[in-house]
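Novice: Contents are mmCIF, C-alpha atoms; file name start.cif:
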```
data_start
#
loop_
_atom_site.label_atom_id
_atom_site.label_comp_id
_atom_site.auth_asym_id
_atom_site.auth_seq_id
_atom_site.Cartn_x
_atom_site.Cartn_y
_atom_site.Cartn_z
CA MET A 723 2.60 50.18 143.35
CA THR A 724 1.89 51.41 139.80
CA LEU A 725 -1.44 50.21 138.44
CA SER A 726 -1.64 48.56 135.03
CA THR A 727 -3.28 50.37 132.12
CA PHE A 728 -6.47 48.34 132.57
CA GLU A 729 -6.59 48.72 136.35
CA SER A 730 -6.07 52.49 136.06
CA PHE A 731 -8.89 52.66 133.53
CA LEU A 732 -11.20 50.64 135.78
CA GLN A 733 -10.42 52.81 138.80
CA ARG A 734 -11.02 56.06 136.89
CA VAL A 735 -14.33 54.97 135.44
CA SER A 736 -15.51 53.55 138.76
CA GLU A 737 -14.85 56.80 140.61
CA VAL A 738 -16.96 58.95 138.28
CA THR A 739 -19.76 56.57 137.25
CA GLY A 740 -20.41 54.52 140.37
CA ILE A 741 -19.66 51.26 138.53
CA SER A 742 -18.51 49.04 141.38
CA SER A 743 -17.64 45.68 139.83
CA GLN A 744 -16.59 43.95 136.62
CA SER A 745 -20.06 42.43 136.37
CA GLU A 746 -21.62 45.89 136.46
CA LEU A 747 -19.16 47.18 133.85
CA ALA A 748 -20.07 44.23 131.61
CA SER A 749 -23.76 45.10 132.02
CA VAL A 750 -23.17 48.77 131.14
CA LEU A 751 -21.13 47.83 128.06
CA ASN A 752 -23.55 45.01 127.12
CA ILE A 753 -20.75 42.45 126.94
CA ASN A 754 -19.92 39.15 128.62
CA ARG A 755 -17.78 39.17 131.75
CA SER A 756 -15.27 37.00 129.89
CA ALA A 757 -14.51 39.95 127.59
CA ILE A 758 -13.42 41.96 130.62
CA THR A 759 -11.20 39.10 131.77
CA GLN A 760 -9.55 39.03 128.37
CA ALA A 761 -9.01 42.79 128.32
CA ARG A 762 -7.44 42.59 131.77
CA LYS A 763 -5.06 39.85 130.60
CA LYS A 764 -4.07 41.89 127.54
CA ASP A 765 -3.88 45.07 129.67
CA SER A 766 -5.80 46.96 127.01
CA ILE A 767 -8.96 49.07 126.68
CA PRO A 768 -11.07 48.20 123.60
CA GLY A 769 -12.07 51.20 121.53
CA LYS A 770 -15.73 50.13 121.54
CA TRP A 771 -15.76 50.40 125.33
CA ILE A 772 -14.47 53.95 125.18
CA LEU A 773 -17.20 54.89 122.70
CA GLN A 774 -19.90 53.29 124.86
CA LEU A 775 -18.73 55.12 127.99
CA TYR A 776 -18.69 58.38 126.08
CA LYS A 777 -22.25 57.81 124.85
CA LYS A 778 -23.63 56.73 128.23
CA PHE A 779 -21.83 59.13 130.58
CA GLY A 780 -20.35 61.88 128.40
CA LEU A 781 -16.82 60.92 129.44
CA ASN A 782 -13.93 62.36 127.49
CA PRO A 783 -12.44 59.48 125.40
CA ASP A 784 -8.88 60.78 125.94
CA TRP A 785 -9.44 60.85 129.70
CA ILE A 786 -10.94 57.34 129.67
CA GLU A 787 -7.87 55.98 127.92
CA THR A 788 -5.09 57.96 129.57
CA GLY A 789 -6.45 59.79 132.59
CA VAL A 790 -5.22 63.06 131.08
CA GLY A 791 -7.49 66.02 130.30
CA GLN A 792 -10.97 66.94 131.47
CA THR A 793 -13.18 64.12 132.66
CA PHE A 794 -16.33 65.18 130.81
CA LEU A 795 -16.36 66.71 127.35
CA LYS A 796 -18.53 69.60 128.58
CA GLY A 797 -17.00 69.66 132.03
CA PRO A 798 -18.70 68.19 135.12
CA GLY A 799 -19.90 71.62 136.21
CA SER A 800 -22.12 71.90 133.15
CA MET A 801 -23.96 68.65 133.80
CA THR A 802 -27.33 68.92 135.48
CA MET A 803 -27.56 66.40 138.29
CA GLU A 804 -31.18 65.28 138.52
CA PHE A 805 -32.06 62.61 141.05
CA LYS A 806 -34.79 60.01 141.23
CA ASN A 807 -36.05 58.21 144.32
CA ILE A 808 -36.09 54.42 144.13
CA PRO A 809 -38.24 52.50 146.64
CA LYS A 810 -36.77 49.92 148.97
CA VAL A 811 -39.28 47.19 149.79
CA LYS A 812 -39.66 45.00 152.84
CA ALA A 813 -39.19 41.74 150.91
CA ARG A 814 -35.74 40.19 151.14
CA LEU A 815 -33.98 38.08 148.51
CA CYS A 816 -32.58 34.87 149.85
CA ALA A 817 -29.07 33.85 148.92
CA GLY A 818 -29.79 30.36 150.11
CA GLY A 819 -32.87 28.17 150.01
CA GLY A 820 -35.53 30.84 149.53
CA SER A 821 -37.33 33.61 151.37
CA PHE A 822 -40.99 33.76 152.31
CA GLU A 823 -40.65 37.48 153.05
CA VAL A 824 -42.31 38.71 149.89
CA GLY A 825 -44.06 41.81 151.20
CA SER A 826 -44.16 44.71 148.77
CA GLU A 827 -44.47 47.32 151.52
CA ILE A 828 -42.09 50.23 150.97
CA GLU A 829 -39.60 50.84 153.79
CA GLY A 830 -38.11 54.01 152.34
CA TYR A 831 -36.62 55.68 149.29
CA TYR A 832 -33.04 56.09 148.10
CA SER A 833 -31.90 58.75 145.63
CA PHE A 834 -29.87 57.96 142.53
CA GLN A 835 -28.63 60.17 139.73
CA HIS A 836 -31.34 59.97 137.06
CA GLU A 837 -28.88 59.90 134.16
CA TRP A 838 -27.06 56.96 135.72
CA LEU A 839 -30.30 55.06 136.29
CA SER A 840 -31.40 55.67 132.71
CA SER A 841 -28.13 54.21 131.45
CA LYS A 842 -28.94 51.00 133.35
CA GLY A 843 -32.53 50.44 132.29
CA ALA A 844 -36.10 51.49 133.09
CA SER A 845 -35.82 53.66 136.21
CA ASP A 846 -39.60 53.61 136.75
CA ARG A 847 -39.45 49.82 137.13
CA MET A 848 -36.57 49.67 139.61
CA VAL A 849 -36.69 48.59 143.23
CA LEU A 850 -34.20 47.97 146.05
CA MET A 851 -34.12 44.80 148.11
CA ASP A 852 -31.89 43.39 150.85
CA ILE A 853 -30.01 40.10 150.60
CA PHE A 854 -29.76 37.51 153.31
CA GLY A 855 -27.78 34.29 153.23
CA ASN A 856 -24.39 33.37 151.79
CA SER A 857 -25.07 31.31 148.68
CA MET A 858 -23.97 34.12 146.33
CA GLU A 859 -20.71 34.95 148.07
CA PRO A 860 -18.30 36.43 147.25
CA GLU A 861 -20.28 38.50 144.71
CA LEU A 862 -23.20 39.20 147.06
CA LYS A 863 -22.98 39.03 150.83
CA ASP A 864 -25.52 38.76 153.62
CA GLY A 865 -26.94 42.24 154.32
CA ASP A 866 -26.16 43.70 150.89
CA THR A 867 -28.78 45.86 149.16
CA VAL A 868 -29.32 45.33 145.44
CA LEU A 869 -30.98 47.42 142.73
CA ILE A 870 -33.32 45.42 140.51
CA ASP A 871 -34.84 46.43 137.18
CA GLU A 872 -38.16 44.60 136.95
CA SER A 873 -38.41 45.41 133.23
CA GLN A 874 -35.39 43.25 132.42
CA LYS A 875 -36.71 39.69 132.44
CA ASP A 876 -34.96 38.24 129.39
CA ILE A 877 -32.37 35.75 130.62
CA LEU A 878 -28.71 36.50 129.88
CA ALA A 879 -26.54 33.52 130.74
CA GLY A 880 -24.65 34.03 133.98
CA ALA A 881 -26.34 37.32 134.91
CA LEU A 882 -27.83 37.87 138.37
CA TYR A 883 -31.61 37.84 138.75
CA ALA A 884 -34.22 38.12 141.45
CA VAL A 885 -36.36 35.06 140.86
CA GLY A 886 -39.48 33.61 142.42
CA VAL A 887 -40.07 29.87 142.65
CA ASP A 888 -43.50 28.93 144.00
CA ASP A 889 -43.88 31.03 147.16
CA THR A 890 -40.21 31.88 147.67
CA ILE A 891 -37.97 34.56 146.23
CA MET A 892 -34.20 34.40 145.85
CA VAL A 893 -31.22 35.78 143.97
CA LYS A 894 -29.39 33.50 141.55
CA ARG A 895 -27.53 33.34 138.29
CA ILE A 896 -29.70 31.73 135.63
CA GLU A 897 -28.88 29.58 132.64
CA LYS A 898 -31.60 28.73 130.14
CA HIS A 899 -31.57 25.44 128.26
CA PRO A 900 -34.13 24.11 125.74
CA SER A 901 -35.98 22.03 128.33
CA LYS A 902 -34.81 23.38 131.68
CA LEU A 903 -33.65 26.31 133.77
CA VAL A 904 -30.61 26.13 136.01
CA LEU A 905 -30.35 28.36 139.09
CA LEU A 906 -26.70 28.79 140.07
CA SER A 907 -25.03 29.96 143.27
CA ASP A 908 -21.56 31.52 143.39
CA ASN A 909 -20.84 29.74 146.67
CA ARG A 910 -19.80 26.21 145.69
CA ASP A 911 -21.25 24.80 148.89
CA TYR A 912 -24.66 25.21 147.21
CA ALA A 913 -25.58 22.82 144.41
CA PRO A 914 -27.27 24.07 141.22
CA VAL A 915 -31.06 23.88 141.13
CA PHE A 916 -32.44 22.24 137.99
CA LEU A 917 -36.02 23.05 136.99
CA GLN A 918 -37.65 21.05 134.22
CA ASP A 919 -40.97 20.51 132.51
CA SER A 920 -43.90 21.81 134.58
CA GLU A 921 -41.53 23.17 137.25
CA ILE A 922 -40.49 25.92 134.84
CA ASN A 923 -44.05 27.26 134.90
CA ASN A 924 -43.65 27.99 138.61
CA VAL A 925 -40.65 30.29 138.00
CA ARG A 926 -41.08 34.08 137.93
CA ILE A 927 -38.22 36.27 136.74
CA ILE A 928 -38.70 39.31 138.96
CA GLY A 929 -35.91 41.34 137.40
CA LYS A 930 -32.22 41.71 136.71
CA VAL A 931 -29.81 42.76 139.45
CA LEU A 932 -27.99 45.90 138.30
CA TRP A 933 -26.06 47.21 141.30
CA VAL A 934 -25.13 46.36 144.86
CA CYS A 935 -24.17 48.39 147.91
CA ARG A 936 -22.66 47.12 151.12
CA GLU A 937 -22.52 48.50 154.63
CA PHE A 938 -19.27 47.69 156.42
CA ARG A 939 -19.71 46.20 159.83
#
```
Would you write out, as C-alpha cells, the structure that this file holds?
Specialist:
Amino acid sequence: MTLSTFESFLQRVSEVTGISSQSELASVLNINRSAITQARKKDSIPGKWILQLYKKFGLNPDWIETGVGQTFLKGPGSMTMEFKNIPKVKARLCAGGGSFEVGSEIEGYYSFQHEWLSSKGASDRMVLMDIFGNSMEPELKDGDTVLIDESQKDILAGALYAVGVDDTIMVKRIEKHPSKLVLLSDNRDYAPVFLQDSEINNVRIIGKVLWVCREFR
C-alpha cells in the first residue's frame, strides 16, 4: 500500500531522528498535537516544520519533503556522533493511583546521542524511569521506560508529566486552571483528579516526559 505524503514524511523523519510518536514530534516542533492532526487530514507538510527539522537535526529540506536526495545537508558520515549517559533510577511512575517507590538510587545508565538530547531540552537534568499501571494506555503501557527532563516544569496543556502528589509519584497529563490543577489519564476507566486550593501546594512537577521506549513481550 502506498503511503500518503504525510505518512511518508513521518516515517522518514522517525527513522533518522528517533521520534517515535506524534506527541514527540509535536514537542520537537513546539506545536500542539492538534496541528499534527490537521496536517495529517490535509496530507501536507508545513514549511515551518521543515525549517525546524533542518535547524534541529541538519536534515535536508528537500529530503524531508520528498524523500529524494541526501538525508543530511553535510551527509551523515560527516556528523560526529557524541553520546551521553542518562541515569535510570529505581523509582517507578505509577500510571494508576500513585507509587510510593520514590527511591533516587541509580540502577544503570543508558546512552543517547548528545545532539538529539540537546534538541529535547537540558540533558544534564534528564532521568529515565519505568512505568507501571495502565491508566495512561494506549500512549504509555505498563513496563514502558520514559525519559524525563526535570528542567521542564512549566505546564503545557495536555503534555505528559511526572508529578508528585504528597508522598506518591505518577505520570499524567496536566491542565492548569486559575484555581485548580487537573490530572488526566488517557485510559477512560480512570476519572480526572481535581486539585484545588491548598491541595495544589502538595503537587510537585518533577519534569516533562519527552520520550518512551517499550520492550516487546
Novice: Produce a table with one row for each residue of region 822-938 of chain A that has an atom at most 12 Å from any atom of region 729-746 of chain A, each row naming the nearest atom pair and its distance in Å at one decimal; use all atoms listed in the file; arrange rows by chain and rising residue number; format as a Markdown table.
Specialist:
```
| residue | atom | partner | partner_atom | distance |
| --- | --- | --- | --- | --- |
| A:Phe834 | CA | A:Gly740 | CA | 10.3 |
| A:Gln835 | CA | A:Thr739 | CA | 9.9 |
| A:Glu837 | CA | A:Thr739 | CA | 10.2 |
| A:Trp838 | CA | A:Thr739 | CA | 7.5 |
| A:Leu839 | CA | A:Thr739 | CA | 10.7 |
| A:Ser841 | CA | A:Thr739 | CA | 10.5 |
| A:Lys842 | CA | A:Glu746 | CA | 9.5 |
| A:Pro860 | CA | A:Ser743 | CA | 11.9 |
| A:Glu861 | CA | A:Ser743 | CA | 9.1 |
| A:Leu862 | CA | A:Ser743 | CA | 11.2 |
| A:Val868 | CA | A:Glu746 | CA | 11.8 |
| A:Leu869 | CA | A:Glu746 | CA | 11.4 |
| A:Gly880 | CA | A:Ser745 | CA | 9.9 |
| A:Ala881 | CA | A:Ser745 | CA | 8.2 |
| A:Leu882 | CA | A:Ser745 | CA | 9.2 |
| A:Arg895 | CA | A:Ser745 | CA | 11.9 |
| A:Lys930 | CA | A:Glu746 | CA | 11.4 |
| A:Val931 | CA | A:Glu746 | CA | 9.3 |
| A:Leu932 | CA | A:Glu746 | CA | 6.6 |
| A:Trp933 | CA | A:Glu746 | CA | 6.7 |
| A:Val934 | CA | A:Ser742 | CA | 7.9 |
| A:Cys935 | CA | A:Ser742 | CA | 8.7 |
| A:Arg936 | CA | A:Ser742 | CA | 10.8 |
```
Novice: Translate the PyMOL selection byres ((chain A and resi 807) around 8), as applied to the file shown, into an explicit residue set as a ChimeraX atom specification.
Specialist: /A:805-806,808-809,831-834
Novice: Decode the PyMOL selection byres ((chain A and resi 910-921) around 12) for the given file into explicit residues and return them as a PyMOL selection string.
Specialist: chain A and resi 817-820+855-860+886-888+892+894-909+922-926
Novice: To one decimal place in Å, what is the distance between CA of Asn754 (chain A) and CA of Thr788 (chain A)?
Specialist: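 Spanning CA of Asn754 (chain A) to CA of Thr788 (chain A) is a straight-line distance of 24.0 Å.
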Novice: Pick the closest to Lys812 (chain A) from A:Leu795, A:Met851, A:Leu775, A:Ile786: which is it, counting all atoms listed in the file?
Specialist: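 Closest candidate: A:Met851.
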Novice: Provide the CA of Lys810 (chain A) to CA of Met848 (chain A) distance in Å, to one decimal place.
Specialist: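 Computing it gives 9.4 Å between the two atoms.
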Novice: CA of Ala748 (chain A) and CA of Arg847 (chain A), how far apart in Å?
Specialist: 20.9 Å
Novice: Given the choices A:Phe794, A:Thr890, A:Phe728, A:Phe779, which gets closest to Ile758 (chain A) if the distance is worked out from all atoms listed in the file?
Specialist: A:Phe728
Novice: Go through A:Gly929, A:Gly843, A:Gly789, A:Gly780 one by one, measure the shortest atom-to-atom distance of each to Ile870 (chain A) using all atoms listed in the file, and give the residue with the smallest value.
Specialist: A:Gly929
Novice: Can you tell me, as an NGL selection string, what residues are no more than 7 Å from region 761-771 of chain A when counting only C-alpha atoms, ignoring any on the same chain fewer than 2 positions away?
Specialist: :A and (726-728 or 751 or 757-759 or 773-775)
Novice: Atoms to include: C-alpha atoms. Write the selected residues as an mmCIF file, keeping the file's coordinate frame.
Specialist:
```
data_model
loop_
_atom_site.group_PDB
_atom_site.id
_atom_site.type_symbol
_atom_site.label_atom_id
_atom_site.label_comp_id
_atom_site.auth_asym_id
_atom_site.auth_seq_id
_atom_site.Cartn_x
_atom_site.Cartn_y
_atom_site.Cartn_z
ATOM 1 C CA SER A 726 -1.640 48.560 135.030
ATOM 2 C CA THR A 727 -3.280 50.370 132.120
ATOM 3 C CA PHE A 728 -6.470 48.340 132.570
ATOM 4 C CA LEU A 751 -21.130 47.830 128.060
ATOM 5 C CA ALA A 757 -14.510 39.950 127.590
ATOM 6 C CA ILE A 758 -13.420 41.960 130.620
ATOM 7 C CA THR A 759 -11.200 39.100 131.770
ATOM 8 C CA LEU A 773 -17.200 54.890 122.700
ATOM 9 C CA GLN A 774 -19.900 53.290 124.860
ATOM 10 C CA LEU A 775 -18.730 55.120 127.990
#
```
Novice: My list of candidates is A:Glu829, A:Glu937, A:Leu878, A:Tyr776. Which is closest to Asn752 (chain A) when distances are computed with all atoms listed in the file?
Specialist: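 Smallest separation from Asn752 (chain A) among the options: A:Leu878.
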Novice: Need to verify the contact set: Leu815 (chain A), 7 Å, all atoms listed in the file, exclusion of same-chain residues closer than 4 positions in sequence. Can you return it as a list in words?
Specialist: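 Returned residues: Ser821, Met851, Asp852, Ile853, Phe854, Ile891, Met892 and Val893 of chain A.
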Novice: Once the PyMOL selection byres ((chain A and resi 793) around 6) has been applied to the shown file, what residues remain in the selection, as a ChimeraX atom specification?
Specialist: /A:781-782,785,792,794
Novice: Looking at A:Ile828, A:Phe938, A:Val849, A:Tyr883, which one is nearest to Lys863 (chain A), with distances taken over all atoms listed in the file?
Specialist: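 Using all atoms listed in the file, the shortest distance to Lys863 (chain A) belongs to A:Phe938.
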